[in-house]
Structure formats: structure tokens, C-alpha cells
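Enquirer: Next up, data_28.pdb (PDB, C-alpha atoms, pLDDT in the B column).
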```
ATOM      1  CA  MET A 227       0.000   0.000   0.000  1.00 45.00           C
ATOM      2  CA  LYS A 228       2.900   2.309   0.801  1.00 47.00           C
ATOM      3  CA  SER A 229       4.405   1.811  -2.687  1.00 47.00           C
ATOM      4  CA  LEU A 230       1.050   2.677  -4.279  1.00 45.00           C
ATOM      5  CA  PHE A 231       0.955   5.907  -2.252  1.00 43.00           C
ATOM      6  CA  VAL A 232       4.529   6.802  -3.301  1.00 42.00           C
ATOM      7  CA  PHE A 233       3.651   6.061  -6.940  1.00 45.00           C
ATOM      8  CA  CYS A 234       0.549   8.312  -6.810  1.00 43.00           C
ATOM      9  CA  ILE A 235       2.487  11.173  -5.207  1.00 46.00           C
ATOM     10  CA  SER A 236       5.278  10.815  -7.783  1.00 48.00           C
ATOM     11  CA  LEU A 237       2.757  10.818 -10.610  1.00 46.00           C
ATOM     12  CA  LEU A 238       1.139  13.962  -9.223  1.00 47.00           C
ATOM     13  CA  ILE A 239       4.484  15.762  -8.896  1.00 49.00           C
ATOM     14  CA  PHE A 240       5.632  14.852 -12.416  1.00 48.00           C
ATOM     15  CA  SER A 241       2.291  15.652 -14.027  1.00 49.00           C
ATOM     16  CA  CYS A 242       2.265  19.120 -12.472  1.00 49.00           C
ATOM     17  CA  SER A 243       5.851  19.913 -13.398  1.00 47.00           C
ATOM     18  CA  GLU A 244       6.439  22.579 -16.096  1.00 48.00           C
ATOM     19  CA  LYS A 245       9.067  20.349 -17.678  1.00 47.00           C
ATOM     20  CA  TYR A 246       6.539  17.683 -18.602  1.00 44.00           C
ATOM     21  CA  LYS A 247       3.693  19.885 -19.889  1.00 48.00           C
ATOM     22  CA  LYS A 248       4.632  19.593 -23.581  1.00 54.00           C
ATOM     23  CA  VAL A 249       3.097  16.384 -24.877  1.00 55.00           C
ATOM     24  CA  ASN A 250       2.927  15.257 -28.497  1.00 56.00           C
ATOM     25  CA  LEU A 251      -0.543  14.078 -29.381  1.00 59.00           C
ATOM     26  CA  ILE A 252      -2.082  12.597 -32.475  1.00 58.00           C
ATOM     27  CA  LYS A 253      -5.750  13.420 -32.822  1.00 62.00           C
ATOM     28  CA  LEU A 254      -7.844  10.452 -33.827  1.00 58.00           C
ATOM     29  CA  ASP A 255     -10.666  11.238 -36.223  1.00 63.00           C
ATOM     30  CA  SER A 256     -13.148   8.412 -36.706  1.00 60.00           C
ATOM     31  CA  ASN A 257     -14.025   9.744 -40.186  1.00 65.00           C
ATOM     32  CA  SER A 258     -10.500   9.561 -41.584  1.00 65.00           C
ATOM     33  CA  GLN A 259      -7.957   6.810 -41.991  1.00 70.00           C
ATOM     34  CA  LYS A 260      -4.188   6.697 -42.176  1.00 70.00           C
ATOM     35  CA  VAL A 261      -2.963   4.131 -44.658  1.00 70.00           C
ATOM     36  CA  ILE A 262       0.520   2.696 -44.201  1.00 73.00           C
ATOM     37  CA  PRO A 263       1.601   1.075 -47.463  1.00 69.00           C
ATOM     38  CA  ILE A 264       3.312  -2.296 -47.409  1.00 70.00           C
ATOM     39  CA  ASN A 265       5.397  -3.744 -50.190  1.00 73.00           C
ATOM     40  CA  ASN A 266       7.093  -7.048 -50.947  1.00 75.00           C
ATOM     41  CA  LEU A 267       9.793  -6.285 -48.333  1.00 76.00           C
ATOM     42  CA  SER A 268       7.505  -5.379 -45.430  1.00 73.00           C
ATOM     43  CA  THR A 269       4.816  -7.096 -43.439  1.00 69.00           C
ATOM     44  CA  GLU A 270       1.660  -5.721 -41.868  1.00 67.00           C
ATOM     45  CA  PHE A 271       2.865  -6.950 -38.466  1.00 65.00           C
ATOM     46  CA  SER A 272       4.803  -4.011 -37.040  1.00 65.00           C
ATOM     47  CA  ILE A 273       5.190  -4.476 -33.310  1.00 73.00           C
ATOM     48  CA  LEU A 274       8.685  -2.977 -33.521  1.00 80.00           C
ATOM     49  CA  SER A 275       7.609   0.560 -34.350  1.00 84.00           C
ATOM     50  CA  GLN A 276       8.100   4.157 -33.325  1.00 86.00           C
ATOM     51  CA  LEU A 277       6.378   7.484 -33.936  1.00 85.00           C
ATOM     52  CA  SER A 278       8.780  10.336 -34.623  1.00 87.00           C
ATOM     53  CA  PHE A 279       7.524  13.894 -34.235  1.00 87.00           C
ATOM     54  CA  ARG A 280       9.543  16.189 -36.509  1.00 84.00           C
ATOM     55  CA  GLU A 281      10.174  19.880 -35.779  1.00 84.00           C
ATOM     56  CA  ASP A 282       8.089  20.901 -38.803  1.00 86.00           C
ATOM     57  CA  GLY A 283       5.062  19.077 -37.332  1.00 83.00           C
ATOM     58  CA  GLU A 284       5.303  16.017 -39.570  1.00 85.00           C
ATOM     59  CA  VAL A 285       4.682  12.688 -37.860  1.00 87.00           C
ATOM     60  CA  LEU A 286       6.662   9.680 -39.088  1.00 89.00           C
ATOM     61  CA  PHE A 287       5.774   6.058 -38.462  1.00 88.00           C
ATOM     62  CA  ILE A 288       8.963   3.952 -38.475  1.00 89.00           C
ATOM     63  CA  HIS A 289       8.852   0.183 -38.234  1.00 87.00           C
ATOM     64  CA  LEU A 290      11.030  -2.869 -38.576  1.00 85.00           C
ATOM     65  CA  ASN A 291       9.923  -6.279 -39.759  1.00 76.00           C
ATOM     66  CA  TYR A 292       9.374  -8.411 -36.694  1.00 65.00           C
ATOM     67  CA  PHE A 293      10.817 -11.470 -38.359  1.00 65.00           C
ATOM     68  CA  ASP A 294      14.469 -11.596 -39.357  1.00 59.00           C
ATOM     69  CA  SER A 295      15.105 -10.058 -42.761  1.00 60.00           C
ATOM     70  CA  ASP A 296      18.386 -10.133 -44.610  1.00 60.00           C
ATOM     71  CA  PRO A 297      19.309  -7.403 -45.276  1.00 66.00           C
ATOM     72  CA  ASN A 298      17.738  -5.415 -42.461  1.00 86.00           C
ATOM     73  CA  TYR A 299      15.058  -2.976 -43.575  1.00 89.00           C
ATOM     74  CA  LEU A 300      13.622  -0.023 -41.688  1.00 90.00           C
ATOM     75  CA  PHE A 301      10.402   1.414 -43.123  1.00 89.00           C
ATOM     76  CA  VAL A 302       9.629   5.141 -42.779  1.00 90.00           C
ATOM     77  CA  ASN A 303       6.131   6.414 -43.549  1.00 88.00           C
ATOM     78  CA  SER A 304       4.682   9.877 -43.071  1.00 87.00           C
ATOM     79  CA  LEU A 305       1.260  10.050 -41.427  1.00 84.00           C
ATOM     80  CA  ASP A 306       0.791  13.469 -43.059  1.00 82.00           C
ATOM     81  CA  ASP A 307       1.977  12.725 -46.603  1.00 80.00           C
ATOM     82  CA  PRO A 308       1.271   9.224 -47.955  1.00 72.00           C
ATOM     83  CA  GLU A 309       3.815   9.825 -50.732  1.00 74.00           C
ATOM     84  CA  VAL A 310       6.641   9.573 -48.172  1.00 75.00           C
ATOM     85  CA  ASP A 311       7.359   5.857 -48.176  1.00 82.00           C
ATOM     86  CA  LEU A 312      11.054   5.151 -47.567  1.00 88.00           C
ATOM     87  CA  VAL A 313      12.814   1.830 -47.156  1.00 89.00           C
ATOM     88  CA  LEU A 314      16.178   2.120 -45.408  1.00 91.00           C
ATOM     89  CA  LYS A 315      18.544  -0.809 -45.934  1.00 92.00           C
ATOM     90  CA  PHE A 316      21.266  -1.822 -43.463  1.00 92.00           C
ATOM     91  CA  ASP A 317      23.876  -4.499 -44.170  1.00 90.00           C
ATOM     92  CA  GLY A 318      24.016  -7.562 -41.952  1.00 87.00           C
ATOM     93  CA  ARG A 319      27.627  -8.280 -42.978  1.00 88.00           C
ATOM     94  CA  GLY A 320      30.605  -6.377 -44.381  1.00 89.00           C
ATOM     95  CA  PRO A 321      32.294  -3.089 -43.510  1.00 89.00           C
ATOM     96  CA  ASN A 322      28.973  -1.386 -42.679  1.00 90.00           C
ATOM     97  CA  GLU A 323      27.488  -4.388 -40.903  1.00 92.00           C
ATOM     98  CA  VAL A 324      24.945  -3.903 -38.153  1.00 92.00           C
ATOM     99  CA  GLY A 325      24.314  -7.606 -37.561  1.00 89.00           C
ATOM    100  CA  GLY A 326      20.740  -8.824 -37.291  1.00 89.00           C
ATOM    101  CA  VAL A 327      18.689  -5.843 -36.130  1.00 89.00           C
ATOM    102  CA  THR A 328      16.338  -6.791 -33.295  1.00 88.00           C
ATOM    103  CA  ASP A 329      15.526  -3.274 -31.996  1.00 89.00           C
ATOM    104  CA  PHE A 330      16.041   0.306 -33.108  1.00 91.00           C
ATOM    105  CA  TYR A 331      15.674   3.927 -32.095  1.00 92.00           C
ATOM    106  CA  PHE A 332      15.152   6.539 -34.820  1.00 92.00           C
ATOM    107  CA  HIS A 333      16.424   9.913 -33.588  1.00 92.00           C
ATOM    108  CA  ASP A 334      16.592  11.479 -37.055  1.00 92.00           C
ATOM    109  CA  TYR A 335      17.820  10.547 -40.524  1.00 92.00           C
ATOM    110  CA  ASP A 336      21.450  11.071 -39.444  1.00 95.00           C
ATOM    111  CA  SER A 337      21.184   9.209 -36.117  1.00 95.00           C
ATOM    112  CA  ILE A 338      19.566   5.800 -36.221  1.00 94.00           C
ATOM    113  CA  PHE A 339      20.500   3.390 -33.435  1.00 94.00           C
ATOM    114  CA  LEU A 340      20.315  -0.263 -34.502  1.00 93.00           C
ATOM    115  CA  ILE A 341      20.575  -2.964 -31.857  1.00 91.00           C
ATOM    116  CA  ASP A 342      21.636  -6.555 -32.384  1.00 90.00           C
ATOM    117  CA  ARG A 343      20.781  -7.867 -28.945  1.00 88.00           C
ATOM    118  CA  TYR A 344      22.259 -11.331 -29.521  1.00 88.00           C
ATOM    119  CA  ARG A 345      25.661  -9.886 -30.426  1.00 90.00           C
ATOM    120  CA  TYR A 346      25.477  -7.228 -27.673  1.00 89.00           C
ATOM    121  CA  GLN A 347      26.046  -4.529 -30.272  1.00 91.00           C
ATOM    122  CA  VAL A 348      24.600  -1.075 -30.969  1.00 93.00           C
ATOM    123  CA  SER A 349      25.357   0.603 -34.281  1.00 94.00           C
ATOM    124  CA  LEU A 350      24.850   4.290 -34.964  1.00 96.00           C
ATOM    125  CA  ALA A 351      24.000   4.666 -38.641  1.00 96.00           C
ATOM    126  CA  ASP A 352      22.524   7.202 -41.010  1.00 95.00           C
ATOM    127  CA  SER A 353      19.739   6.767 -43.543  1.00 93.00           C
ATOM    128  CA  SER A 354      22.219   5.893 -46.323  1.00 93.00           C
ATOM    129  CA  GLY A 355      23.186   2.742 -44.392  1.00 92.00           C
ATOM    130  CA  GLU A 356      26.629   3.984 -43.393  1.00 94.00           C
ATOM    131  CA  VAL A 357      27.665   2.949 -39.881  1.00 95.00           C
ATOM    132  CA  LEU A 358      29.061   5.988 -38.077  1.00 96.00           C
ATOM    133  CA  LYS A 359      29.967   4.236 -34.834  1.00 95.00           C
ATOM    134  CA  ARG A 360      29.681   0.804 -33.266  1.00 93.00           C
ATOM    135  CA  TYR A 361      29.312   0.080 -29.551  1.00 91.00           C
ATOM    136  CA  ARG A 362      29.909  -3.181 -27.739  1.00 89.00           C
ATOM    137  CA  LEU A 363      27.550  -3.767 -24.788  1.00 86.00           C
ATOM    138  CA  LYS A 364      29.680  -6.386 -23.022  1.00 84.00           C
ATOM    139  CA  GLU A 365      33.191  -6.156 -21.657  1.00 81.00           C
ATOM    140  CA  ASN A 366      34.275  -9.479 -23.130  1.00 81.00           C
ATOM    141  CA  ASP A 367      33.999 -10.869 -26.667  1.00 82.00           C
ATOM    142  CA  SER A 368      31.490 -13.584 -25.807  1.00 82.00           C
ATOM    143  CA  ASN A 369      27.954 -13.450 -27.162  1.00 81.00           C
ATOM    144  CA  MET A 370      26.750 -15.856 -24.491  1.00 82.00           C
ATOM    145  CA  PRO A 371      24.703 -14.437 -21.604  1.00 78.00           C
ATOM    146  CA  GLY A 372      26.656 -14.354 -18.375  1.00 76.00           C
ATOM    147  CA  GLU A 373      26.123 -13.671 -14.710  1.00 75.00           C
ATOM    148  CA  ASP A 374      26.941 -10.005 -15.233  1.00 72.00           C
ATOM    149  CA  SER A 375      24.947  -9.373 -18.416  1.00 73.00           C
ATOM    150  CA  VAL A 376      21.417  -9.327 -19.773  1.00 75.00           C
ATOM    151  CA  LEU A 377      20.142  -9.089 -23.327  1.00 75.00           C
ATOM    152  CA  PRO A 378      19.584  -5.439 -24.305  1.00 75.00           C
ATOM    153  CA  TRP A 379      16.086  -4.203 -25.047  1.00 72.00           C
ATOM    154  CA  VAL A 380      14.982  -0.859 -26.470  1.00 73.00           C
ATOM    155  CA  THR A 381      11.663   0.932 -26.555  1.00 67.00           C
ATOM    156  CA  SER A 382      10.674   4.299 -27.961  1.00 58.00           C
ATOM    157  CA  LYS A 383       7.761   4.547 -25.550  1.00 56.00           C
TER     158      LYS A 383
END
```
What does the file become when written as C-alpha cells?
Expert:
Amino acid sequence: MKSLFVFCISLLIFSCSEKYKKVNLIKLDSNSQKVIPINNLSTEFSILSQLSFREDGEVLFIHLNYFDSDPNYLFVNSLDDPEVDLVLKFDGRGPNEVGGVTDFYFHDYDSIFLIDRYRYQVSLADSSGEVLKRYRLKENDSNMPGEDSVLPWVTSK
């Protein structure tokens, strides 16, 4: 009961804070629909997705195929302009390899974080597919889970 009380007080404090007053909202209109096109590379199952609110007001829907795809594709669709339908391709092997992408975070077209959780690797790439930086998430070279490691997980929520 005490933890519920602390949670409620914390929620009240954060919700009243000036810092947290700006919230991005998408208005749902029951008379209109947003159509996200799929092609022969994508699926309609997009649990690995993110909404990106651009400075110009445009809202992008970015998603990754849930099932392993080789090469790795990231799909970018505009909720405002259905003509914006981009497929970003990232190499699984080679000099610009990102491994098998299991999670991602789209900051902008020049900063896309791609996570290969089973290799404990994060790659910072741009929309051309070039890897700008690669980060190892374990101290040793093993890809096996250990006592001092867990598999990484990312969410845009």
C-alpha cells in the first residue's frame, strides 16, 4: 500500500511539473484513416515501431519487420503525406554491418540506433546505411549471456 501511495504522489508531482507539460498528441478522427503502405519487403505486423515527431510538425511512423530479414530494412512512412514511403537498408555483414537488427531507435535521418541484442552490439547509422559508430555492450567478446549481463532491449515509448 505504501508503494502505491509513493507512486501516486510521484505521478502527481511529475504531471504538475512545467518540464513535462509539452506532450505530443495525435488526434484520432473516426471519419479519416491513415494508410501505411506495405510492399514485398515489409509485413503488416509491425510491433517494432516508433512514432517520430519532426520539428516541422510532420509525424513519421517507423517500423522494422518483426521477423528476421536479410538485409535489415527499416520502413519510414509519413502520417501526413502518404507519398513519403522510404525503405532504409542496413547491411548484416561487411564493412557497414549492423548484424541482425532486433531493436532500433530513430532519432533522425542522421542518427539511427540499430541494436543486435544477440551480439550485444549497438550501431549508430545514417539513412544511407553507413555505420558511423559501433558500440559493444559487453566487456568481453562472448555473445553468451553471463552472470553479469542481460540481453539489451529498447523501446521508444
Enquirer: Between CA of Gly320 (chain A) and CA of Val357 (chain A), what distance in Å does the model show, to one decimal?
Expert: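 CA of Val357 (chain A) lies at a distance of 10.8 Å from CA of Gly320 (chain A).
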Enquirer: For a test of reading the model, state the distance in Å between CA of Phe301 (chain A) and CA of Asp334 (chain A), rounded to one decimal.
Expert: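 Value for the CA of Phe301 (chain A)-CA of Asp334 (chain A) distance: 13.3 Å.
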Enquirer: May I have the residues within 9 Å of region 368-372 of chain A as an MDAnalysis selection string, using all atoms listed in the file and disregarding those fewer than 4 positions away in the same chain?
Expert: chainID A and resid 344:346 364 376:377
Enquirer: Could you state the separation of CA of Asn265 (chain A) and CA of Ser353 (chain A) in Å, given to one decimal place?
Expert: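 Separation between CA of Asn265 (chain A) and CA of Ser353 (chain A): 19.0 Å.
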Enquirer: For the file shown, report as a PyMOL selection string the outcome of the PyMOL selection byres ((chain A and resi 317) around 9) at residue level.
Expert: chain A and resi 296-299+315-316+318-326+355-356
Enquirer: The PyMOL selection byres ((chain A and resi 360) around 10) on the file shown: which residues, as a list in words?
Expert: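 This file gives the following for the PyMOL selection byres ((chain A and resi 360) around 10): Asn322, Glu323, Val324, Phe339, Leu340, Ile341, Gln347, Val348, Ser349, Leu350, Ala351, Val357, Leu358, Lys359, Tyr361, Arg362 and Leu363 of chain A.
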Enquirer: I'd like the neighbourhood of Asn303 (chain A) as number ranges by chain, where a residue qualifies if any of its atoms comes within 12 Å (using only C-alpha atoms), though same-chain residues fewer than 2 positions away should be ignored.
Expert: A: 260-264, 275-278, 284-290, 300-301, 305-314
Enquirer: Would you put the residues from that selection into a file with C-alpha atoms, as a PDB file, in the coordinates of the input?
Expert:
```pdb
ATOM      1  CA  LYS A 260      -4.188   6.697 -42.176  1.00 70.00           C
ATOM      2  CA  VAL A 261      -2.963   4.131 -44.658  1.00 70.00           C
ATOM      3  CA  ILE A 262       0.520   2.696 -44.201  1.00 73.00           C
ATOM      4  CA  PRO A 263       1.601   1.075 -47.463  1.00 69.00           C
ATOM      5  CA  ILE A 264       3.312  -2.296 -47.409  1.00 70.00           C
ATOM      6  CA  SER A 275       7.609   0.560 -34.350  1.00 84.00           C
ATOM      7  CA  GLN A 276       8.100   4.157 -33.325  1.00 86.00           C
ATOM      8  CA  LEU A 277       6.378   7.484 -33.936  1.00 85.00           C
ATOM      9  CA  SER A 278       8.780  10.336 -34.623  1.00 87.00           C
ATOM     10  CA  GLU A 284       5.303  16.017 -39.570  1.00 85.00           C
ATOM     11  CA  VAL A 285       4.682  12.688 -37.860  1.00 87.00           C
ATOM     12  CA  LEU A 286       6.662   9.680 -39.088  1.00 89.00           C
ATOM     13  CA  PHE A 287       5.774   6.058 -38.462  1.00 88.00           C
ATOM     14  CA  ILE A 288       8.963   3.952 -38.475  1.00 89.00           C
ATOM     15  CA  HIS A 289       8.852   0.183 -38.234  1.00 87.00           C
ATOM     16  CA  LEU A 290      11.030  -2.869 -38.576  1.00 85.00           C
ATOM     17  CA  LEU A 300      13.622  -0.023 -41.688  1.00 90.00           C
ATOM     18  CA  PHE A 301      10.402   1.414 -43.123  1.00 89.00           C
ATOM     19  CA  LEU A 305       1.260  10.050 -41.427  1.00 84.00           C
ATOM     20  CA  ASP A 306       0.791  13.469 -43.059  1.00 82.00           C
ATOM     21  CA  ASP A 307       1.977  12.725 -46.603  1.00 80.00           C
ATOM     22  CA  PRO A 308       1.271   9.224 -47.955  1.00 72.00           C
ATOM     23  CA  GLU A 309       3.815   9.825 -50.732  1.00 74.00           C
ATOM     24  CA  VAL A 310       6.641   9.573 -48.172  1.00 75.00           C
ATOM     25  CA  ASP A 311       7.359   5.857 -48.176  1.00 82.00           C
ATOM     26  CA  LEU A 312      11.054   5.151 -47.567  1.00 88.00           C
ATOM     27  CA  VAL A 313      12.814   1.830 -47.156  1.00 89.00           C
ATOM     28  CA  LEU A 314      16.178   2.120 -45.408  1.00 91.00           C
TER      29      LEU A 314
END
```
Enquirer: Which is closer to Val380 (chain A) than all the others in A:Arg280, A:Asn291, A:Asp329, A:Ser268, using all atoms listed in the file?
Expert: A:Asp329
